[in-house]
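Shown next: query_27.cif, containing mmCIF, C-alpha atoms and all ligand atoms.
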data_run
loop_
_atom_site.label_atom_id
_atom_site.label_comp_id
_atom_site.auth_asym_id
_atom_site.auth_seq_id
_atom_site.Cartn_x
_atom_site.Cartn_y
_atom_site.Cartn_z
CA MET A 1 -186.95 -85.87 -43.79
CA LEU A 2 -190.37 -84.52 -42.94
CA TYR A 3 -192.89 -83.38 -45.43
CA GLN A 4 -195.62 -82.11 -43.10
CA ARG A 5 -196.25 -78.70 -44.61
CA SER A 6 -196.36 -80.23 -48.10
CA SER A 7 -199.02 -82.66 -46.90
CA ALA A 8 -201.06 -79.81 -45.40
CA LEU A 9 -200.79 -77.72 -48.56
CA PHE A 10 -201.83 -80.72 -50.63
CA ALA A 11 -204.92 -81.23 -48.48
CA ALA A 12 -205.85 -77.58 -49.02
CA ALA A 13 -205.21 -77.84 -52.77
CA GLU A 14 -207.44 -80.90 -53.03
CA GLN A 15 -210.37 -78.78 -51.87
CA VAL A 16 -210.17 -76.45 -54.85
CA ILE A 17 -208.20 -78.21 -57.61
CA PRO A 18 -209.14 -81.69 -58.92
CA GLY A 19 -206.76 -84.08 -57.18
CA GLY A 20 -204.88 -81.07 -55.83
CA VAL A 21 -202.77 -80.73 -58.99
CA ASN A 22 -202.86 -79.06 -62.38
CA SER A 23 -201.26 -82.03 -64.14
CA PRO A 24 -202.02 -85.58 -62.96
CA VAL A 25 -198.57 -87.16 -62.66
CA ARG A 26 -197.64 -84.61 -59.97
CA ALA A 27 -200.13 -86.23 -57.59
CA PHE A 28 -197.94 -89.23 -56.64
CA LYS A 29 -200.73 -91.67 -57.53
CA GLY A 30 -198.16 -93.98 -59.12
CA VAL A 31 -196.05 -94.19 -55.97
CA GLY A 32 -198.46 -93.40 -53.12
CA GLY A 33 -198.10 -90.63 -50.56
CA THR A 34 -198.59 -86.93 -51.11
CA PRO A 35 -196.66 -84.60 -53.39
CA ILE A 36 -193.86 -82.25 -52.36
CA PHE A 37 -194.68 -78.55 -52.57
CA VAL A 38 -191.77 -76.50 -53.85
CA GLU A 39 -190.85 -73.08 -52.58
CA ARG A 40 -187.94 -72.31 -54.87
CA ALA A 41 -185.18 -73.97 -56.84
CA LYS A 42 -181.66 -73.10 -57.88
CA GLY A 43 -179.26 -75.07 -60.06
CA ALA A 44 -179.64 -78.78 -59.34
CA TYR A 45 -181.64 -78.32 -56.14
CA LEU A 46 -185.25 -77.95 -55.14
CA TYR A 47 -186.10 -76.35 -51.80
CA ASP A 48 -189.49 -77.41 -50.49
CA VAL A 49 -191.94 -75.76 -48.11
CA ASP A 50 -190.70 -77.92 -45.20
CA GLY A 51 -187.17 -76.61 -45.58
CA ASN A 52 -185.79 -79.76 -47.23
CA ARG A 53 -183.25 -79.61 -50.02
CA LEU A 54 -183.74 -82.18 -52.77
CA ILE A 55 -181.42 -83.02 -55.64
CA ASP A 56 -183.67 -82.77 -58.67
CA TYR A 57 -183.60 -85.47 -61.35
CA ILE A 58 -186.78 -84.29 -63.08
CA ASN A 59 -186.06 -80.66 -63.73
CA SER A 60 -189.61 -79.65 -64.53
CA TRP A 61 -189.86 -82.78 -66.72
CA GLY A 62 -186.98 -81.70 -68.88
CA PRO A 63 -186.82 -77.97 -69.55
CA MET A 64 -184.21 -77.07 -66.90
CA ILE A 65 -181.31 -78.68 -68.73
CA LEU A 66 -178.97 -75.97 -67.42
CA GLY A 67 -180.41 -75.96 -63.92
CA HIS A 68 -183.17 -74.08 -62.13
CA ALA A 69 -183.33 -70.29 -62.13
CA TYR A 70 -180.61 -70.20 -64.77
CA GLU A 71 -179.53 -66.58 -64.69
CA PRO A 72 -179.46 -65.62 -68.38
CA VAL A 73 -183.04 -66.93 -68.73
CA VAL A 74 -184.26 -65.22 -65.56
CA ASP A 75 -182.63 -61.92 -66.56
CA ALA A 76 -184.10 -62.08 -70.07
CA VAL A 77 -187.57 -62.71 -68.67
CA ILE A 78 -187.36 -59.91 -66.12
CA SER A 79 -186.24 -57.30 -68.58
CA LYS A 80 -188.87 -58.32 -71.17
CA ALA A 81 -191.66 -58.38 -68.61
CA LYS A 82 -191.08 -54.71 -67.88
CA LEU A 83 -191.85 -53.89 -71.52
CA GLY A 84 -195.19 -55.69 -71.57
CA THR A 85 -195.83 -59.42 -71.68
CA SER A 86 -198.16 -59.89 -74.64
CA PHE A 87 -199.48 -57.72 -77.45
CA GLY A 88 -201.17 -60.05 -79.90
CA MET A 89 -198.99 -58.33 -82.48
CA PRO A 90 -195.65 -59.35 -84.01
CA THR A 91 -192.39 -58.69 -82.17
CA GLU A 92 -188.82 -58.91 -83.43
CA ILE A 93 -187.77 -61.51 -80.87
CA GLU A 94 -190.02 -64.08 -82.59
CA THR A 95 -187.85 -63.84 -85.71
CA GLN A 96 -184.70 -64.01 -83.59
CA ILE A 97 -185.63 -67.23 -81.82
CA ALA A 98 -187.04 -68.73 -85.04
CA SER A 99 -183.78 -68.04 -86.89
CA LEU A 100 -181.65 -69.46 -84.11
CA ALA A 101 -183.85 -72.55 -83.68
CA LEU A 102 -183.81 -73.23 -87.43
CA SER A 103 -180.02 -72.93 -87.50
CA MET A 104 -179.92 -75.76 -84.95
CA ILE A 105 -182.74 -78.02 -86.24
CA PRO A 106 -181.91 -80.19 -89.28
CA ASN A 107 -184.14 -80.28 -92.36
CA ALA A 108 -186.49 -77.39 -91.51
CA ASP A 109 -187.08 -74.06 -93.25
CA LYS A 110 -189.78 -72.61 -91.04
CA ILE A 111 -191.00 -72.94 -87.48
CA ARG A 112 -194.17 -71.90 -85.72
CA PHE A 113 -194.36 -71.27 -81.98
CA VAL A 114 -197.25 -72.39 -79.78
CA ASN A 115 -197.71 -72.64 -76.00
CA SER A 116 -197.12 -76.32 -75.18
CA GLY A 117 -195.88 -79.61 -76.53
CA THR A 118 -199.48 -80.75 -76.72
CA GLU A 119 -200.33 -77.91 -79.07
CA ALA A 120 -197.24 -78.59 -81.17
CA CYS A 121 -198.15 -82.27 -81.74
CA MET A 122 -201.84 -81.55 -82.27
CA SER A 123 -200.98 -78.91 -84.87
CA ALA A 124 -198.39 -81.14 -86.53
CA ILE A 125 -200.90 -83.90 -87.23
CA ARG A 126 -203.48 -81.41 -88.50
CA LEU A 127 -200.83 -80.07 -90.84
CA ALA A 128 -199.87 -83.59 -91.93
CA ARG A 129 -203.51 -84.42 -92.62
CA GLY A 130 -204.04 -81.20 -94.56
CA PHE A 131 -200.85 -81.71 -96.54
CA THR A 132 -201.47 -85.34 -97.47
CA GLY A 133 -205.27 -85.21 -97.72
CA ARG A 134 -205.43 -88.35 -95.55
CA ASP A 135 -207.06 -88.89 -92.14
CA LYS A 136 -205.31 -91.65 -90.26
CA ILE A 137 -202.18 -91.47 -88.14
CA ILE A 138 -200.01 -94.14 -86.57
CA LYS A 139 -198.82 -93.75 -83.00
CA PHE A 140 -196.95 -96.17 -80.78
CA ALA A 141 -198.11 -97.67 -77.51
CA GLY A 142 -196.31 -95.98 -74.65
CA CYS A 143 -195.48 -92.83 -76.62
CA TYR A 144 -196.99 -89.61 -75.28
CA HIS A 145 -197.69 -86.68 -77.56
CA GLY A 146 -199.66 -84.46 -75.20
CA HIS A 147 -203.24 -84.72 -74.11
CA SER A 148 -205.12 -83.87 -77.32
CA ASP A 149 -207.82 -86.40 -78.20
CA SER A 150 -206.07 -88.20 -81.06
CA PHE A 151 -203.14 -89.14 -78.84
CA LEU A 152 -204.84 -90.39 -75.69
CA ILE A 153 -204.64 -93.95 -76.83
CA GLN A 154 -202.08 -96.01 -74.91
CA ALA A 155 -200.24 -92.83 -74.12
CA GLY A 156 -197.53 -93.87 -71.69
CA SER A 157 -196.45 -92.25 -68.40
CA GLY A 158 -199.22 -90.07 -66.96
CA ALA A 159 -202.00 -91.95 -68.66
CA SER A 160 -200.44 -95.32 -67.82
CA THR A 161 -199.65 -94.50 -64.23
CA PHE A 162 -203.35 -94.03 -63.70
CA GLY A 163 -204.52 -96.98 -65.73
CA THR A 164 -206.55 -94.84 -68.10
CA PRO A 165 -204.92 -95.54 -71.42
CA ASN A 166 -208.11 -94.66 -73.24
CA SER A 167 -209.59 -91.60 -71.62
CA PRO A 168 -213.36 -91.17 -71.44
CA GLY A 169 -214.26 -88.10 -73.46
CA VAL A 170 -212.25 -89.22 -76.47
CA THR A 171 -214.84 -90.14 -79.09
CA GLN A 172 -214.88 -93.35 -81.09
CA GLY A 173 -214.76 -91.20 -84.20
CA THR A 174 -211.46 -89.70 -83.15
CA ALA A 175 -210.01 -92.95 -81.85
CA LYS A 176 -210.68 -94.77 -85.12
CA ASP A 177 -208.26 -92.49 -86.97
CA THR A 178 -205.42 -93.30 -84.59
CA LEU A 179 -203.79 -96.60 -85.47
CA LEU A 180 -201.65 -98.18 -82.80
CA ALA A 181 -198.46 -100.22 -83.06
CA PRO A 182 -195.88 -101.43 -80.55
CA TYR A 183 -192.69 -99.37 -80.36
CA ASN A 184 -189.58 -100.81 -82.02
CA ASN A 185 -191.58 -103.11 -84.26
CA LEU A 186 -191.43 -102.33 -87.98
CA ASP A 187 -193.52 -105.30 -89.09
CA ALA A 188 -196.51 -103.93 -87.18
CA VAL A 189 -196.14 -100.63 -89.01
CA ARG A 190 -195.89 -102.34 -92.40
CA ALA A 191 -199.03 -104.31 -91.61
CA LEU A 192 -200.94 -101.11 -90.79
CA PHE A 193 -199.93 -99.53 -94.08
CA GLU A 194 -201.04 -102.65 -95.95
CA ALA A 195 -204.39 -102.69 -94.18
CA ASN A 196 -205.00 -98.97 -94.74
CA PRO A 197 -203.72 -98.20 -98.25
CA ASN A 198 -203.49 -94.46 -99.06
CA GLU A 199 -205.21 -93.55 -95.80
CA ILE A 200 -202.30 -92.88 -93.47
CA ALA A 201 -201.22 -89.25 -93.27
CA ALA A 202 -198.35 -89.65 -90.84
CA ILE A 203 -196.45 -91.65 -88.30
CA ILE A 204 -195.81 -89.74 -85.09
CA VAL A 205 -193.05 -91.12 -82.90
CA GLU A 206 -190.85 -90.19 -79.96
CA PRO A 207 -187.58 -90.97 -81.77
CA VAL A 208 -186.06 -91.79 -78.39
CA ALA A 209 -189.07 -92.64 -76.25
CA GLY A 210 -189.20 -91.01 -72.85
CA ASN A 211 -192.70 -91.57 -71.58
CA MET A 212 -192.42 -95.26 -70.70
CA GLY A 213 -189.08 -94.70 -69.09
CA CYS A 214 -186.30 -94.08 -71.56
CA VAL A 215 -186.64 -96.49 -74.46
CA PRO A 216 -184.06 -96.08 -77.23
CA PRO A 217 -184.93 -96.99 -80.81
CA LEU A 218 -183.45 -100.36 -81.78
CA PRO A 219 -180.81 -100.20 -84.54
CA GLY A 220 -182.57 -99.65 -87.88
CA TYR A 221 -185.94 -98.76 -86.37
CA LEU A 222 -185.97 -95.05 -87.19
CA GLU A 223 -184.40 -95.72 -90.60
CA GLY A 224 -187.19 -98.24 -91.19
CA LEU A 225 -189.91 -95.76 -90.26
CA ARG A 226 -188.31 -93.20 -92.58
CA ALA A 227 -188.26 -95.66 -95.48
CA ILE A 228 -191.85 -96.82 -94.93
CA CYS A 229 -193.13 -93.23 -94.82
CA THR A 230 -191.24 -92.31 -97.97
CA GLN A 231 -192.53 -95.42 -99.76
CA HIS A 232 -196.16 -94.69 -98.84
CA HIS A 233 -196.03 -90.89 -99.22
CA ALA A 234 -196.85 -90.43 -95.57
CA LEU A 235 -195.10 -87.90 -93.35
CA LEU A 236 -192.75 -88.87 -90.55
CA ILE A 237 -193.33 -86.70 -87.49
CA PHE A 238 -190.63 -86.72 -84.82
CA ASP A 239 -192.05 -85.65 -81.49
CA GLU A 240 -188.89 -84.13 -80.06
CA VAL A 241 -190.70 -82.30 -77.27
CA MET A 242 -188.50 -84.21 -74.82
CA THR A 243 -185.41 -84.92 -76.93
CA GLY A 244 -185.11 -81.65 -78.85
CA PHE A 245 -182.21 -79.48 -77.63
CA ARG A 246 -181.54 -82.19 -75.01
CA LEU A 247 -179.86 -85.10 -76.81
CA ALA A 248 -178.10 -82.81 -79.29
CA ALA A 249 -178.52 -79.23 -80.50
CA GLY A 250 -180.41 -80.70 -83.45
CA GLY A 251 -182.17 -83.38 -81.39
CA VAL A 252 -182.50 -86.98 -82.53
CA GLN A 253 -182.46 -85.96 -86.18
CA GLU A 254 -178.88 -84.84 -85.65
CA LEU A 255 -177.94 -87.58 -83.18
CA TYR A 256 -178.90 -90.45 -85.49
CA ASN A 257 -178.75 -88.54 -88.78
CA ILE A 258 -182.33 -89.20 -89.83
CA ASN A 259 -184.65 -86.59 -91.30
CA ALA A 260 -188.22 -86.27 -90.15
CA ASP A 261 -190.76 -84.33 -92.19
CA ILE A 262 -192.22 -82.41 -89.27
CA THR A 263 -190.54 -82.02 -85.89
CA CYS A 264 -192.31 -81.00 -82.66
CA PHE A 265 -190.70 -79.19 -79.75
CA GLY A 266 -191.53 -78.15 -76.21
CA LYS A 267 -189.84 -78.36 -72.82
CA VAL A 268 -186.23 -77.12 -73.33
CA ILE A 269 -187.21 -74.75 -76.16
CA GLY A 270 -189.14 -72.62 -73.67
CA GLY A 271 -186.42 -72.43 -71.03
CA GLY A 272 -189.08 -73.18 -68.39
CA LEU A 273 -191.86 -71.00 -69.79
CA PRO A 274 -194.84 -72.41 -71.69
CA VAL A 275 -193.55 -72.85 -75.25
CA GLY A 276 -193.99 -75.44 -77.95
CA ALA A 277 -193.11 -75.31 -81.63
CA PHE A 278 -193.21 -77.32 -84.82
CA ALA A 279 -190.93 -77.07 -87.80
CA ALA A 280 -190.70 -78.45 -91.34
CA ARG A 281 -189.59 -77.69 -94.86
CA ASN A 282 -191.28 -74.86 -96.79
CA GLU A 283 -193.48 -77.12 -98.90
CA ILE A 284 -195.13 -78.39 -95.72
CA MET A 285 -195.09 -75.25 -93.57
CA ASN A 286 -196.56 -73.17 -96.39
CA PHE A 287 -199.76 -75.19 -95.94
CA LEU A 288 -200.34 -73.33 -92.67
CA ALA A 289 -202.59 -70.30 -92.31
CA PRO A 290 -202.27 -67.49 -93.22
CA VAL A 291 -200.27 -68.70 -96.26
CA GLY A 292 -202.11 -71.98 -96.69
CA PRO A 293 -205.41 -73.60 -95.77
CA VAL A 294 -204.57 -75.44 -92.52
CA TYR A 295 -205.73 -73.30 -89.60
CA GLN A 296 -203.65 -72.91 -86.46
CA ALA A 297 -203.51 -69.96 -84.10
CA GLY A 298 -202.88 -68.74 -80.53
CA THR A 299 -203.54 -65.55 -78.55
CA LEU A 300 -200.38 -65.95 -76.51
CA SER A 301 -198.31 -67.83 -79.11
CA GLY A 302 -194.87 -66.29 -79.46
CA ASN A 303 -195.45 -63.85 -76.60
CA PRO A 304 -192.32 -61.88 -75.79
CA LEU A 305 -191.92 -63.25 -72.28
CA ALA A 306 -191.85 -66.88 -73.43
CA MET A 307 -189.71 -66.04 -76.46
CA ALA A 308 -187.18 -64.23 -74.24
CA ALA A 309 -186.82 -67.30 -72.05
CA GLY A 310 -186.55 -69.60 -75.04
CA LEU A 311 -184.07 -67.39 -76.87
CA ALA A 312 -181.82 -67.12 -73.80
CA MET A 313 -181.94 -70.90 -73.37
CA LEU A 314 -181.23 -71.76 -77.00
CA THR A 315 -178.46 -69.16 -77.12
CA ALA A 316 -176.79 -70.73 -74.09
CA ILE A 317 -177.07 -74.21 -75.60
CA ASN A 318 -175.84 -73.07 -79.01
CA ASN A 319 -172.81 -71.30 -77.53
CA ASP A 320 -171.73 -74.19 -75.32
CA LYS A 321 -170.06 -76.64 -77.66
CA ASP A 322 -169.25 -79.12 -74.87
CA LEU A 323 -172.68 -79.19 -73.23
CA PHE A 324 -173.97 -82.45 -74.68
CA LYS A 325 -170.66 -84.21 -74.12
CA ARG A 326 -170.65 -83.06 -70.48
CA LEU A 327 -174.25 -84.17 -69.98
CA ASP A 328 -173.51 -87.53 -71.54
CA GLU A 329 -170.46 -88.04 -69.31
CA LYS A 330 -172.31 -87.07 -66.14
CA THR A 331 -175.19 -89.37 -66.97
CA ALA A 332 -172.85 -92.22 -67.89
CA TYR A 333 -171.13 -91.76 -64.52
CA LEU A 334 -174.48 -91.94 -62.75
CA GLU A 335 -175.44 -95.02 -64.77
CA ALA A 336 -172.21 -96.82 -63.89
CA GLY A 337 -172.63 -95.92 -60.21
CA ILE A 338 -176.20 -97.17 -60.08
CA LYS A 339 -175.31 -100.39 -61.92
CA ASN A 340 -172.53 -101.01 -59.44
CA VAL A 341 -174.77 -100.73 -56.36
CA LEU A 342 -177.64 -102.69 -57.92
CA ASP A 343 -175.28 -105.50 -58.92
CA LYS A 344 -173.87 -105.69 -55.41
CA ASN A 345 -177.36 -106.16 -54.05
CA GLU A 346 -178.24 -108.75 -56.70
CA LEU A 347 -181.32 -106.88 -57.80
CA THR A 348 -182.99 -107.59 -61.11
CA TYR A 349 -182.93 -104.45 -63.18
CA THR A 350 -182.52 -102.84 -66.57
CA ILE A 351 -181.10 -99.37 -67.07
CA ASN A 352 -181.85 -97.58 -70.31
CA ARG A 353 -179.99 -94.45 -71.28
CA VAL A 354 -179.47 -92.12 -74.21
CA GLY A 355 -177.37 -89.04 -73.42
CA SER A 356 -178.94 -87.24 -70.46
CA MET A 357 -182.11 -89.35 -70.42
CA ILE A 358 -181.92 -92.38 -68.14
CA SER A 359 -184.37 -94.74 -66.45
CA VAL A 360 -184.07 -97.60 -63.98
CA HIS A 361 -186.51 -100.48 -64.51
CA PHE A 362 -186.90 -103.29 -62.01
CA ALA A 363 -187.47 -105.64 -64.90
CA GLU A 364 -185.89 -108.89 -65.97
CA GLU A 365 -186.17 -108.46 -69.72
CA ALA A 366 -184.76 -105.67 -71.85
CA VAL A 367 -187.20 -102.75 -71.92
CA ILE A 368 -187.82 -102.04 -75.60
CA ASP A 369 -191.52 -101.14 -75.70
CA PHE A 370 -194.56 -100.49 -73.54
CA ALA A 371 -195.22 -104.16 -72.75
CA THR A 372 -191.69 -104.73 -71.49
CA ALA A 373 -191.75 -101.42 -69.57
CA LYS A 374 -194.97 -102.50 -67.85
CA ALA A 375 -193.40 -105.81 -66.86
CA GLY A 376 -191.23 -103.94 -64.33
CA ASP A 377 -191.86 -104.45 -60.62
CA ASN A 378 -193.86 -101.41 -59.56
CA GLU A 379 -193.82 -102.25 -55.85
CA THR A 380 -190.03 -102.21 -55.81
CA PHE A 381 -190.06 -98.94 -57.71
CA LYS A 382 -192.38 -97.35 -55.13
CA LYS A 383 -190.03 -98.29 -52.30
CA PHE A 384 -187.07 -97.06 -54.32
CA PHE A 385 -188.80 -93.73 -54.95
CA HIS A 386 -189.79 -93.12 -51.33
CA GLY A 387 -186.43 -94.28 -50.04
CA LEU A 388 -184.69 -91.75 -52.28
CA LEU A 389 -187.08 -89.03 -51.22
CA GLN A 390 -186.07 -89.64 -47.61
CA GLU A 391 -182.46 -89.29 -48.71
CA GLY A 392 -183.16 -85.94 -50.37
CA VAL A 393 -183.11 -87.22 -53.94
CA TYR A 394 -186.11 -86.48 -56.14
CA ILE A 395 -186.78 -88.77 -59.10
CA ALA A 396 -190.03 -88.92 -61.08
CA PRO A 397 -192.98 -90.21 -59.06
CA SER A 398 -193.72 -92.95 -61.62
CA ALA A 399 -191.95 -96.03 -62.91
CA TYR A 400 -192.74 -94.89 -66.45
CA GLU A 401 -190.68 -91.74 -66.48
CA THR A 402 -187.24 -90.81 -67.64
CA TRP A 403 -184.89 -88.95 -65.34
CA PHE A 404 -183.63 -85.72 -66.87
CA ILE A 405 -180.04 -84.90 -66.01
CA THR A 406 -179.15 -81.24 -65.69
CA ASP A 407 -175.75 -79.73 -66.31
CA ALA A 408 -176.06 -78.02 -62.91
CA LEU A 409 -175.38 -81.40 -61.25
CA THR A 410 -171.83 -81.72 -59.95
CA TYR A 411 -169.92 -84.97 -59.55
CA GLU A 412 -170.34 -84.50 -55.78
CA ASP A 413 -174.11 -84.46 -56.33
CA LEU A 414 -173.83 -87.63 -58.39
CA ASP A 415 -171.70 -89.34 -55.74
CA PHE A 416 -174.19 -88.27 -53.06
CA THR A 417 -176.99 -89.76 -55.17
CA ILE A 418 -175.17 -93.03 -55.80
CA ALA A 419 -174.43 -93.35 -52.05
CA ALA A 420 -178.11 -92.66 -51.31
CA ILE A 421 -179.15 -95.32 -53.81
CA ALA A 422 -176.72 -97.77 -52.19
CA ARG A 423 -178.46 -97.24 -48.83
CA VAL A 424 -181.95 -97.42 -50.33
CA VAL A 425 -181.43 -100.63 -52.31
CA LYS A 426 -180.48 -102.45 -49.11
CA THR A 427 -184.06 -101.87 -47.94
CA LEU A 428 -185.74 -103.16 -51.11
C1 LIG A 501 -194.16 -83.51 -72.48
C2 LIG A 501 -194.41 -84.10 -73.81
C3 LIG A 501 -195.46 -83.65 -74.63
C4 LIG A 501 -196.49 -82.68 -74.15
O1 LIG A 501 -195.97 -81.42 -73.89
P1 LIG A 501 -196.80 -80.45 -72.91
O2 LIG A 501 -195.99 -79.19 -72.93
O3 LIG A 501 -196.88 -81.12 -71.59
O4 LIG A 501 -198.14 -80.26 -73.52
C5 LIG A 501 -195.54 -84.15 -75.91
N1 LIG A 501 -194.67 -85.07 -76.36
C6 LIG A 501 -193.66 -85.52 -75.61
C7 LIG A 501 -192.70 -86.51 -76.18
C8 LIG A 501 -193.51 -85.08 -74.30
O5 LIG A 501 -192.53 -85.59 -73.55
#
Take the structure in the file and give it back as structure tokens.
Amino acid sequence: MLYQRSSALFAAAEQVIPGGVNSPVRAFKGVGGTPIFVERAKGAYLYDVDGNRLIDYINSWGPMILGHAYEPVVDAVISKAKLGTSFGMPTEIETQIASLALSMIPNADKIRFVNSGTEACMSAIRLARGFTGRDKIIKFAGCYHGHSDSFLIQAGSGASTFGTPNSPGVTQGTAKDTLLAPYNNLDAVRALFEANPNEIAAIIVEPVAGNMGCVPPLPGYLEGLRAICTQHHALLIFDEVMTGFRLAAGGVQELYNINADITCFGKVIGGGLPVGAFAARNEIMNFLAPVGPVYQAGTLSGNPLAMAAGLAMLTAINNDKDLFKRLDEKTAYLEAGIKNVLDKNELTYTINRVGSMISVHFAEEAVIDFATAKAGDNETFKKFFHGLLQEGVYIAPSAYETWFITDALTYEDLDFTIAAIARVVKTL
């Protein structure tokens, strides 16, 4: 497959946009080469500017769980757009999507909508700090919670791909309030609480991590975090920007039956438009302005266009009782197929999977945290990525990313992919 026009468009973009992209991981720095420019997409397929068709395993980094240009979402957006796209005044659809979302999310009475997952996580920790009257937070190496200052400390995927785990521009003052622990390690968390008595407002965690590849919580890990937070009167924040409405209608809280105090959303909740949200019980949410003292706002927050897309998406998910089972089965089929071809070629690998999140690591040891994710063989991954691209299969351009399976994928698509992988692994 040729990607000439993409390369030309990228060269033009580089003249006017830093690195040619509006979000760094799109730039292919982790795998080399130049990014693919998309013309359109439908269902499980991307169509690029060179006329290639690619099977898409990224799906806009998660949101397109039902496939690209999903008609109920597109129709909802078109009809809303004709009525005006933003008023800076309340609209009824905000209440409709809030009610539906809260009927799906466990343990939450109220939800506030913002414009990105970054904003959701940033607002959630401000709320946690306001609520507890404490400054410090704990985050885990390899977990990504958006690009706000407090979180750009060993932040996984994008940040890791570029080797800038601590970004310049984040002040020492901010960094000192973010305590860091390895994922899946409860002792490290206990030690931080002992060293910082009555100072820790919250733990923020990706309850199934997806920004260092897919890294599931070890048995007892989330229960342990819950118990430690309760014991120390700190809040447990689940960053379900990736997992929310993807692993179950109620996200990881439902999947593993564990209650977080604040839950953050993004990606799927916007149906492909810029939407984030955070939700909690009344006692916490009532701390937010205008009811409470913690300020949080947004000119375009809850705009009718984004809410229409989100409402259509959540409605489709809520009405499809078999969706998560189907996604799990498709992804399990893909996993089995990949394992089969990798075994035949005697390659060293680890595959991690939870529901429709899956990642292939060319690593010897089990991948349970950032250190073990980083131990994977990046050179092999690069060849794997480019080989698949030549076969018309698009996976994330970084070894630290989850693949996001969409329900639009058919078993023929999966077989095609497995056959493509079989050809590619012979060249590794
Ligand atoms: C994508 C992501 C974010 C950031 O969301 P944006 O919409 O890109 O700002 C936050 N947390 C997690 C877990 C994510 O995967």
Q | For A:Met89: contacts at 10 Å, all atoms listed in the file, fewer than 6 positions along chain excluded, given as a list in words | A | Thr299, Leu300, Gly302 and Asn303 of chain A
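A search radius of 9 Å centred on (-191.1, -75.7, -75.9), applied to only C-alpha atoms, returns the residues Pro63, Phe113, Val114, Asn115, Ser116, Gly117, Ala120, Val241, Met242, Gly244, Cys264, Phe265, Gly266, Lys267, Val268, Ile269, Gly270, Gly271, Gly272, Leu273, Pro274, Val275, Gly276, Ala277 and Gly310 of chain A.
You can rank A:Met357, A:Val294, A:Val73, A:Leu388 by their closest distance to ligand LIG 501 (chain A) using only C-alpha atoms and all ligand atoms, and at the top of that list sits A:Met357.
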(Q) Just want the 12 Å neighbourhood of A:Ala81, counted on only C-alpha atoms, with same-chain residues fewer than 2 positions away dropped. Output as a PyMOL selection string. (A) chain A and resi 74-79+83-87+303-309
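In this model, the gap between atom CA of A:Glu401 and atom CA of A:Lys382 comes to 12.8 Å.
Across A:Val393, A:Met212, A:Ala128, A:Ile137, the tightest approach to ligand LIG 501 (chain A) is made by A:Met212 when counting all atoms listed in the file.
Note that the spacing between atom CA of A:Tyr70 and atom CA of A:Thr406 amounts to 11.2 Å.
Distances from A:Pro106, A:Gly210, A:Gly51, A:Gly133 to ligand LIG 501 (chain A) were compared using only C-alpha atoms and all ligand atoms, and the smallest one belongs to A:Gly210.
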Q: Scan for residues within 7 Å of the point (-193.6, -93.1, -83.4) in the coordinates of the file, using only C-alpha atoms, and reply as a PyMOL selection string.
A: chain A and resi 139-140+203-207
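Relative to atom CA of A:Ser167, atom CA of A:Phe28 is found at 19.1 Å.
For the residues A:Gly19, A:Pro24, A:Gly130, A:Pro182, ranking by smallest atom-to-atom distance to A:Asn286 using all atoms listed in the file places A:Gly130 first.
Closest approach to ligand LIG 501 (chain A) among A:Phe384, A:Phe287, A:Phe324, A:Phe278: A:Phe278, based on all atoms listed in the file.
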Could you add N, CA, C and O atoms to stretch 181-187 of chain A and give me the result as an mmCIF file, in the frame of the given file?
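Generated file (part.cif):
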data_model
loop_
_atom_site.group_PDB
_atom_site.id
_atom_site.type_symbol
_atom_site.label_atom_id
_atom_site.label_comp_id
_atom_site.auth_asym_id
_atom_site.auth_seq_id
_atom_site.Cartn_x
_atom_site.Cartn_y
_atom_site.Cartn_z
ATOM 1 N N ALA A 181 -199.429 -99.136 -82.861
ATOM 2 C CA ALA A 181 -198.460 -100.220 -83.060
ATOM 3 C C ALA A 181 -197.508 -100.243 -81.869
ATOM 4 O O ALA A 181 -197.333 -99.229 -81.199
ATOM 5 N N PRO A 182 -196.901 -101.396 -81.597
ATOM 6 C CA PRO A 182 -195.880 -101.430 -80.550
ATOM 7 C C PRO A 182 -194.618 -100.689 -81.011
ATOM 8 O O PRO A 182 -194.302 -100.705 -82.211
ATOM 9 N N TYR A 183 -193.946 -100.064 -80.066
ATOM 10 C CA TYR A 183 -192.690 -99.370 -80.360
ATOM 11 C C TYR A 183 -191.633 -100.392 -80.779
ATOM 12 O O TYR A 183 -191.679 -101.555 -80.373
ATOM 13 N N ASN A 184 -190.714 -99.974 -81.609
ATOM 14 C CA ASN A 184 -189.580 -100.810 -82.020
ATOM 15 C C ASN A 184 -189.981 -102.041 -82.812
ATOM 16 O O ASN A 184 -189.267 -103.057 -82.795
ATOM 17 N N ASN A 185 -191.113 -101.969 -83.489
ATOM 18 C CA ASN A 185 -191.580 -103.110 -84.260
ATOM 19 C C ASN A 185 -192.015 -102.638 -85.661
ATOM 20 O O ASN A 185 -193.096 -102.084 -85.835
ATOM 21 N N LEU A 186 -191.149 -102.846 -86.636
ATOM 22 C CA LEU A 186 -191.430 -102.330 -87.980
ATOM 23 C C LEU A 186 -192.485 -103.154 -88.711
ATOM 24 O O LEU A 186 -193.265 -102.616 -89.509
ATOM 25 N N ASP A 187 -192.533 -104.450 -88.412
ATOM 26 C CA ASP A 187 -193.520 -105.300 -89.090
ATOM 27 C C ASP A 187 -194.940 -104.823 -88.788
ATOM 28 O O ASP A 187 -195.812 -104.826 -89.663
#
